>>> print(open('coords-v3.cif').read())   # mmCIF, C-alpha atoms
data_upload
#
loop_
_atom_site.label_atom_id
_atom_site.label_comp_id
_atom_site.auth_asym_id
_atom_site.auth_seq_id
_atom_site.Cartn_x
_atom_site.Cartn_y
_atom_site.Cartn_z
CA MET A 1 93.80 103.46 105.96
CA THR A 2 90.53 104.17 107.71
CA ASP A 3 88.92 107.57 107.73
CA PHE A 4 88.23 110.14 110.40
CA ALA A 5 84.72 110.42 109.03
CA THR A 6 82.76 107.73 110.81
CA THR A 7 79.76 109.83 111.80
CA ILE A 8 78.83 111.80 108.68
CA LYS A 9 75.05 112.09 108.78
CA PRO A 10 72.97 110.05 106.28
CA TRP A 11 71.33 113.17 104.88
CA SER A 12 74.62 114.96 104.29
CA PRO A 13 75.19 116.21 100.71
CA ASP A 14 78.45 114.27 100.87
CA ARG A 15 76.44 111.10 100.38
CA TRP A 16 75.32 112.30 96.97
CA LEU A 17 78.93 112.98 95.97
CA THR A 18 80.39 109.74 97.27
CA ASP A 19 77.69 107.07 96.96
CA ILE A 20 77.83 106.77 93.17
CA ALA A 21 76.85 103.53 91.47
CA PRO A 22 79.19 102.27 88.70
CA ASN A 23 78.19 103.45 85.24
CA PRO A 24 80.11 101.31 82.71
CA ALA A 25 78.01 102.63 79.81
CA LEU A 26 79.53 106.08 80.25
CA ARG A 27 82.44 106.37 77.82
CA GLY A 28 84.64 108.67 75.79
CA PHE A 29 84.20 112.43 75.87
CA ARG A 30 80.96 112.17 77.81
CA ARG A 31 82.71 110.24 80.57
CA PHE A 32 85.50 112.82 80.63
CA CYS A 33 82.97 115.64 81.06
CA VAL A 34 81.06 113.85 83.83
CA GLU A 35 84.22 112.90 85.71
CA PHE A 36 85.61 116.41 85.33
CA LEU A 37 82.34 117.88 86.62
CA PHE A 38 82.25 115.62 89.66
CA PHE A 39 85.94 116.17 90.33
CA GLY A 40 85.27 119.91 90.36
CA LEU A 41 82.27 119.47 92.66
CA LYS A 42 84.25 117.30 95.06
CA GLU A 43 87.18 119.70 95.05
CA ALA A 44 84.82 122.60 95.73
CA ARG A 45 83.24 120.63 98.57
CA ALA A 46 86.66 119.82 100.04
CA CYS A 47 87.53 123.52 99.82
CA LEU A 48 84.28 124.58 101.52
CA PHE A 49 85.87 125.95 104.68
CA ALA A 50 88.79 127.54 102.83
CA GLY A 51 86.51 128.98 100.13
CA LEU A 52 84.01 130.53 102.52
CA PHE A 53 86.80 131.92 104.66
CA LEU A 54 88.53 133.39 101.61
CA ILE A 55 85.28 135.03 100.50
CA ALA A 56 84.96 136.57 103.97
CA ILE A 57 88.50 137.94 103.68
CA PHE A 58 87.74 139.54 100.30
CA ALA A 59 84.37 140.94 101.34
CA MET A 60 85.38 142.34 104.74
CA PRO A 61 86.02 146.10 104.68
CA ARG A 62 89.45 146.99 106.03
CA GLY A 63 87.86 149.30 108.57
CA GLY A 64 85.63 146.53 109.90
CA VAL A 65 81.87 146.69 110.40
CA ALA A 66 79.86 148.52 113.06
CA GLY A 67 83.00 149.44 114.94
CA ILE A 68 84.23 145.84 115.13
CA PRO A 69 87.76 145.47 113.69
CA ARG A 70 88.21 143.37 110.58
CA TYR A 71 90.46 140.75 112.17
CA ASP A 72 87.97 140.18 115.01
CA LEU A 73 85.12 139.74 112.55
CA LEU A 74 87.16 137.25 110.55
CA LEU A 75 87.72 135.21 113.71
CA ILE A 76 83.98 135.20 114.42
CA ILE A 77 83.22 134.16 110.84
CA ALA A 78 85.84 131.39 110.90
CA LEU A 79 84.39 129.98 114.13
CA ALA A 80 80.85 130.21 112.73
CA ILE A 81 81.82 128.34 109.55
CA GLN A 82 83.65 125.69 111.55
CA PHE A 83 80.81 124.95 113.92
CA ALA A 84 78.18 125.14 111.15
CA MET A 85 80.06 122.42 109.27
CA ILE A 86 79.94 120.19 112.34
CA ARG A 87 76.29 121.02 113.03
CA PHE A 88 75.18 120.18 109.48
CA GLY A 89 77.20 116.98 109.21
CA LEU A 90 79.83 118.31 106.83
CA GLU A 91 82.63 117.66 109.28
CA THR A 92 83.05 115.18 112.13
CA VAL A 93 84.31 115.91 115.61
CA ASP A 94 87.41 113.81 114.87
CA GLU A 95 88.13 115.94 111.81
CA PHE A 96 87.65 119.08 113.90
CA LYS A 97 90.18 117.83 116.47
CA ALA A 98 92.72 117.21 113.72
CA ILE A 99 92.11 120.68 112.26
CA CYS A 100 92.72 122.23 115.71
CA LEU A 101 96.21 120.73 115.56
CA PHE A 102 96.91 122.62 112.33
CA HIS A 103 95.59 125.77 113.99
CA ILE A 104 98.13 125.42 116.81
CA VAL A 105 101.01 124.58 114.47
CA GLY A 106 100.15 127.54 112.24
CA PHE A 107 99.74 130.03 115.08
CA ALA A 108 103.13 129.11 116.56
CA LEU A 109 104.76 129.78 113.19
CA GLU A 110 102.87 133.06 112.77
CA ALA A 111 103.89 134.29 116.22
CA PHE A 112 107.54 133.63 115.42
CA LYS A 113 107.50 135.08 111.91
CA THR A 114 105.78 138.33 112.99
CA SER A 115 107.87 138.83 116.14
CA GLY A 116 109.95 141.97 116.47
CA ALA A 117 113.21 140.08 115.95
CA ILE A 118 112.09 138.43 112.69
CA GLN A 119 109.36 140.55 111.03
CA SER A 120 108.96 138.32 107.97
CA TRP A 121 105.46 139.77 107.57
CA ALA A 122 103.01 141.78 109.62
CA TYR A 123 99.31 142.21 110.41
CA PRO A 124 99.05 145.98 110.30
CA ASP A 125 95.50 146.52 111.57
CA PHE A 126 94.25 146.75 115.15
CA ALA A 127 92.29 143.86 116.68
CA TYR A 128 91.08 142.96 120.15
CA THR A 129 91.82 139.31 119.46
CA LYS A 130 95.53 139.69 118.77
CA LEU A 131 97.91 137.50 120.74
CA LEU A 132 101.67 138.04 120.46
CA GLY A 133 100.95 140.40 117.58
CA VAL A 134 99.02 137.76 115.62
CA PRO A 135 95.25 137.96 115.15
CA LEU A 136 93.71 134.68 116.25
CA PHE A 137 91.97 134.19 112.91
CA ALA A 138 95.40 133.63 111.31
CA GLY A 139 95.62 130.07 112.61
CA PHE A 140 92.50 129.26 110.61
CA MET A 141 94.40 129.89 107.38
CA TYR A 142 96.59 126.90 108.20
CA ALA A 143 93.59 125.00 109.52
CA ALA A 144 91.93 125.62 106.13
CA VAL A 145 94.79 123.77 104.42
CA GLY A 146 94.43 120.87 106.84
CA SER A 147 90.65 120.92 106.39
CA TYR A 148 91.02 120.68 102.61
CA ILE A 149 93.33 117.67 102.77
CA ILE A 150 91.16 115.85 105.32
CA GLN A 151 87.95 116.52 103.41
CA ALA A 152 89.46 115.69 100.01
CA TRP A 153 90.84 112.44 101.40
CA ARG A 154 87.35 111.34 102.39
CA ILE A 155 85.27 112.77 99.55
CA LEU A 156 87.63 111.64 96.78
CA ASP A 157 88.18 108.27 98.48
CA VAL A 158 91.93 108.87 98.47
CA ARG A 159 94.30 105.94 98.83
CA ILE A 160 98.07 106.09 98.79
CA ILE A 161 100.35 103.44 97.32
CA HIS A 162 104.09 103.20 97.93
CA HIS A 163 103.85 105.53 100.89
CA PRO A 164 107.31 105.96 102.45
CA PRO A 165 107.97 104.64 105.95
CA TYR A 166 106.13 106.82 108.44
CA TRP A 167 109.21 107.51 110.54
CA MET A 168 111.06 108.85 107.49
CA ALA A 169 108.09 110.96 106.37
CA THR A 170 107.74 112.32 109.91
CA LEU A 171 111.42 113.32 110.07
CA VAL A 172 111.13 115.19 106.76
CA ALA A 173 107.95 116.94 107.95
CA LEU A 174 109.70 117.98 111.17
CA ALA A 175 112.69 119.24 109.17
CA ILE A 176 110.34 121.31 106.99
CA TYR A 177 108.66 122.87 110.01
CA LEU A 178 111.87 123.53 111.93
CA ASN A 179 113.54 125.09 108.87
CA PHE A 180 110.87 127.80 108.84
CA PHE A 181 112.30 128.82 112.24
CA THR A 182 115.98 127.98 112.01
CA HIS A 183 116.74 129.47 108.59
CA HIS A 184 116.84 132.88 110.25
CA TYR A 185 119.84 131.73 112.27
CA ILE A 186 121.70 128.90 110.52
CA GLY A 187 120.74 129.25 106.86
CA ASP A 188 117.88 128.12 104.64
CA TYR A 189 118.03 124.42 103.85
CA ARG A 190 114.65 124.17 102.15
CA TRP A 191 116.10 122.93 98.85
CA TYR A 192 118.03 120.16 100.58
CA ILE A 193 114.87 119.18 102.44
CA ALA A 194 112.87 119.42 99.20
CA ALA A 195 115.38 117.07 97.56
CA LEU A 196 114.88 114.60 100.42
CA ALA A 197 111.10 114.89 100.00
CA ILE A 198 111.35 114.30 96.24
CA GLY A 199 113.39 111.17 96.82
CA LEU A 200 111.05 110.01 99.57
CA TYR A 201 107.83 110.45 97.58
CA ALA A 202 109.21 109.70 94.09
CA ARG A 203 107.33 106.38 93.87
CA THR A 204 104.28 107.50 95.83
CA THR A 205 101.01 107.62 93.93
CA VAL A 206 97.68 109.01 95.04
CA ILE A 207 94.60 107.09 93.89
CA PHE A 208 91.34 109.02 93.95
CA ARG A 209 87.81 108.59 92.65
CA PRO A 210 86.30 111.62 90.89
CA TYR A 211 83.20 109.68 89.82
CA ASP A 212 82.87 105.89 89.69
CA ARG A 213 86.36 104.85 88.62
CA ASP A 214 89.74 105.19 90.28
CA ARG A 215 92.25 107.60 88.81
CA LYS A 216 95.83 108.19 89.90
CA MET A 217 98.39 110.96 90.05
CA PRO A 218 102.00 111.21 91.25
CA MET A 219 101.94 112.44 94.83
CA LEU A 220 104.64 115.04 94.13
CA LEU A 221 102.52 116.59 91.38
CA ALA A 222 99.59 116.88 93.79
CA PHE A 223 101.84 118.66 96.32
CA VAL A 224 103.07 121.16 93.73
CA LEU A 225 99.58 121.92 92.35
CA ILE A 226 98.05 122.50 95.78
CA GLY A 227 101.00 124.72 96.73
CA PHE A 228 100.46 126.78 93.57
CA PHE A 229 96.80 127.46 94.31
CA ILE A 230 97.63 128.50 97.87
CA TRP A 231 100.28 130.86 96.48
CA LEU A 232 97.58 132.41 94.26
CA ALA A 233 95.29 132.82 97.28
CA GLU A 234 98.16 134.45 99.19
CA ASN A 235 98.59 137.00 96.39
CA ILE A 236 94.92 137.90 96.63
CA SER A 237 95.05 138.13 100.44
CA THR A 238 98.06 140.44 100.45
CA PHE A 239 96.40 142.56 97.75
CA PHE A 240 93.58 143.15 100.24
CA SER A 241 96.21 143.90 102.93
CA VAL A 242 95.10 141.09 105.22
CA TRP A 243 98.81 140.77 105.91
CA GLN A 244 101.82 142.33 104.25
CA TYR A 245 105.38 141.40 103.44
CA PRO A 246 108.07 144.06 103.90
CA ASP A 247 108.32 144.70 100.15
CA GLN A 248 104.56 145.38 99.99
CA LEU A 249 104.44 148.19 102.54
CA GLY A 250 104.74 151.03 100.00
CA ALA A 251 102.65 149.41 97.26
CA TRP A 252 101.36 145.94 96.59
CA SER A 253 103.54 143.62 94.53
CA THR A 254 103.24 139.97 93.59
CA VAL A 255 104.26 137.58 96.33
CA HIS A 256 107.68 136.21 95.47
CA ILE A 257 107.50 133.01 93.44
CA GLY A 258 109.74 131.38 96.04
CA LYS A 259 106.73 131.29 98.38
CA TRP A 260 105.26 128.66 96.06
CA SER A 261 108.03 126.32 97.18
CA SER A 262 107.35 127.22 100.81
CA TRP A 263 103.67 126.42 100.46
CA THR A 264 104.48 123.16 98.68
CA LEU A 265 106.62 122.17 101.66
CA VAL A 266 103.79 123.17 104.00
CA ILE A 267 101.49 120.86 102.02
CA ILE A 268 103.96 117.99 102.39
CA MET A 269 104.08 118.62 106.13
CA THR A 270 100.28 118.85 106.37
CA PHE A 271 99.79 115.70 104.30
CA THR A 272 102.23 113.85 106.57
CA ILE A 273 100.28 114.84 109.67
CA VAL A 274 96.97 113.72 108.14
CA ALA A 275 98.48 110.46 106.87
CA PHE A 276 100.07 109.79 110.26
CA LEU A 277 96.80 110.43 112.10
CA LYS A 278 94.98 108.08 109.75
CA HIS A 279 97.71 105.48 110.23
CA ILE A 280 97.35 105.75 114.03
CA ARG A 281 93.58 105.36 113.78
CA ALA A 282 93.93 102.35 111.50
CA THR A 283 96.44 100.53 113.68
CA ILE A 284 95.42 101.46 117.24
CA HIS A 285 92.06 100.61 118.77
CA ILE A 286 90.27 103.77 119.88
CA PRO A 287 87.44 103.03 122.34
CA LYS A 288 84.08 104.59 121.48
#
>>> encode(input="coords-v3.cif", output="structure tokens")
Amino acid sequence: MTDFATTIKPWSPDRWLTDIAPNPALRGFRRFCVEFLFFGLKEARACLFAGLFLIAIFAMPRGGVAGIPRYDLLLIIALAIQFAMIRFGLETVDEFKAICLFHIVGFALEAFKTSGAIQSWAYPDFAYTKLLGVPLFAGFMYAAVGSYIIQAWRILDVRIIHHPPYWMATLVALAIYLNFFTHHYIGDYRWYIAALAIGLYARTTVIFRPYDRDRKMPMLLAFVLIGFFIWLAENISTFFSVWQYPDQLGAWSTVHIGKWSSWTLVIIMTFTIVAFLKHIRATIHIPK
């Protein structure tokens, strides 16, 4: 698969993280420490947008600043981070276009889930930039997930072996997304869909390069781990009342552990979109 990132600038810090000469003399515990360090640095770099945005969420007073509501400020900050990453060569225009797709997909889900008929969660504070009851910054939370996967794919030189047929992966991703809507009317089939996903990706392995050698991990394990960390971030966000579930209106409580499974399914869906876009780019000529 080719990469979205065809125009990363030569002076980008990503070059230092990715252009690493082989070091066969590095062995044993020392190699482990170096690879672990670089893996952490690359993960932190891949999480740059999500991390900065999360810091903004934590630091932003609930009452806003200088009379500007919190949600509006978070939208301004998200846009500033996004365009700064493009300006400084940390993200390409192609990557930005792909991230916009996640923004749209996420906002549509948010608008449905917060609607008066559903009310799965709510954004309680006032904002000028609310549309259909959803502050526009909310789409960036889904875009942050897409940004992480796209950036990690490039920076960790990710390759996938035994990827399932794209049409099957696409159908499962669509089923995941539609179930978030339809389970309010015809029942929740997430565990059946999860079983399909487990069968589909059972042989799939992700190969990545933390330093100068390839390492591998079962794809399903990667999905579960990423979903867990997003679930942790969601707990922190609801603690700061960025949004609230119905059982958190009186006092904050831990987000139900079942949301971990929901986020894992979101990761599978997001990964499928990124993989499909990369597949399209690899197999279809795109004029310059």
>>> resolve_selection(input="coords-v3.cif", expression="the PyMOL selection byres ((chain A and resi 139) around 7)", output="JSON, numbers by chain")
{"A": [103, 104, 106, 107, 136, 137, 138, 140, 141, 142, 143]}
>>> resolve_selection(input="coords-v3.cif", expression="the PyMOL selection byres ((chain A and resi 144) around 12)", output="ChimeraX atom specification")
/A:46-54,78-79,81-82,95-96,98-103,106,137-143,145-152,230,233,267,270
>>> closest_residue(input="coords-v3.cif", among="A:Trp121, A:Phe126, A:Tyr201, A:Phe112", to="Gly63 of chain A", atoms="all atoms listed in the file")
A:Phe126
>>> atom_distance(input="coords-v3.cif", atom1="atom CA of Glu35 of chain A", atom2="atom CA of Arg203 of chain A")
25.4 Å
>>> axis_aligned_box(input="coords-v3.cif", around="segment 121-140 of chain A", padding_each_side="6 Å", output="JSON")
{"center_x": 98.3, "center_y": 138.0, "center_z": 114.2, "size_x": 26.4, "size_y": 29.5, "size_z": 25.2}
>>> residues_around(input="coords-v3.cif", residues="segment 64-68 of chain A", least_positions_apart="5", cutoff="12 Å", atoms="all atoms listed in the file", output="list in words")
Ala56, Ile57, Ala59, Leu73, Leu74, Leu75, Ile76, Asp125, Phe126, Ala127, Tyr128, Thr129 and Val242 of chain A
>>> closest_residue(input="coords-v3.cif", among="A:Phe29, A:Ile161, A:Leu225, A:Gly89", to="Asp14 of chain A", atoms="all atoms listed in the file")
A:Gly89
>>> closest_residue(input="coords-v3.cif", among="A:Leu90, A:Ile226, A:Ile207, A:Leu171", to="Ser261 of chain A", atoms="only C-alpha atoms")
A:Ile226
>>> resolve_selection(input="coords-v3.cif", expression="the PyMOL selection byres ((chain A and resi 160) around 6)", output="NGL selection string")
:A and (159 or 161 or 205-206)
>>> residues_around(input="coords-v3.cif", residues="His256 of chain A", least_positions_apart="2", cutoff="10 Å", atoms="only C-alpha atoms", output="number ranges by chain")
A: 231, 235, 245, 247, 253-254, 258-260
>>> write_last_selection(input="coords-v3.cif", atoms="C-alpha atoms", output="CSV table (one decimal), keeping the file's coordinate frame")
chain,number,residue,atom,x,y,z
A,231,TRP,CA,100.3,130.9,96.5
A,235,ASN,CA,98.6,137.0,96.4
A,245,TYR,CA,105.4,141.4,103.4
A,247,ASP,CA,108.3,144.7,100.2
A,253,SER,CA,103.5,143.6,94.5
A,254,THR,CA,103.2,140.0,93.6
A,258,GLY,CA,109.7,131.4,96.0
A,259,LYS,CA,106.7,131.3,98.4
A,260,TRP,CA,105.3,128.7,96.1
>>> atom_distance(input="coords-v3.cif", atom1="atom CA of Met269 of chain A", atom2="atom CA of Ala173 of chain A")
4.6 Å
>>> closest_residue(input="coords-v3.cif", among="A:Ala117, A:Leu200, A:Leu17, A:Cys33", to="Tyr166 of chain A", atoms="all atoms listed in the file")
A:Leu200
>>> atom_distance(input="coords-v3.cif", atom1="atom CA of Ile193 of chain A", atom2="atom CA of Thr170 of chain A")
12.4 Å
>>> residues_near_point(input="coords-v3.cif", point="(85.4, 107.7, 100.5)", cutoff="10 Å", atoms="all atoms listed in the file", output="PyMOL selection string")
chain A and resi 2-3+5+14-15+17-19+151-159+208-209
>>> closest_residue(input="coords-v3.cif", among="A:Thr238, A:Thr204, A:Asn23, A:Thr182", to="Ile118 of chain A", atoms="only C-alpha atoms")
A:Thr182
>>> closest_residue(input="coords-v3.cif", among="A:Trp263, A:Ala202, A:Leu178, A:Ala44", to="Met217 of chain A", atoms="all atoms listed in the file")
A:Ala202
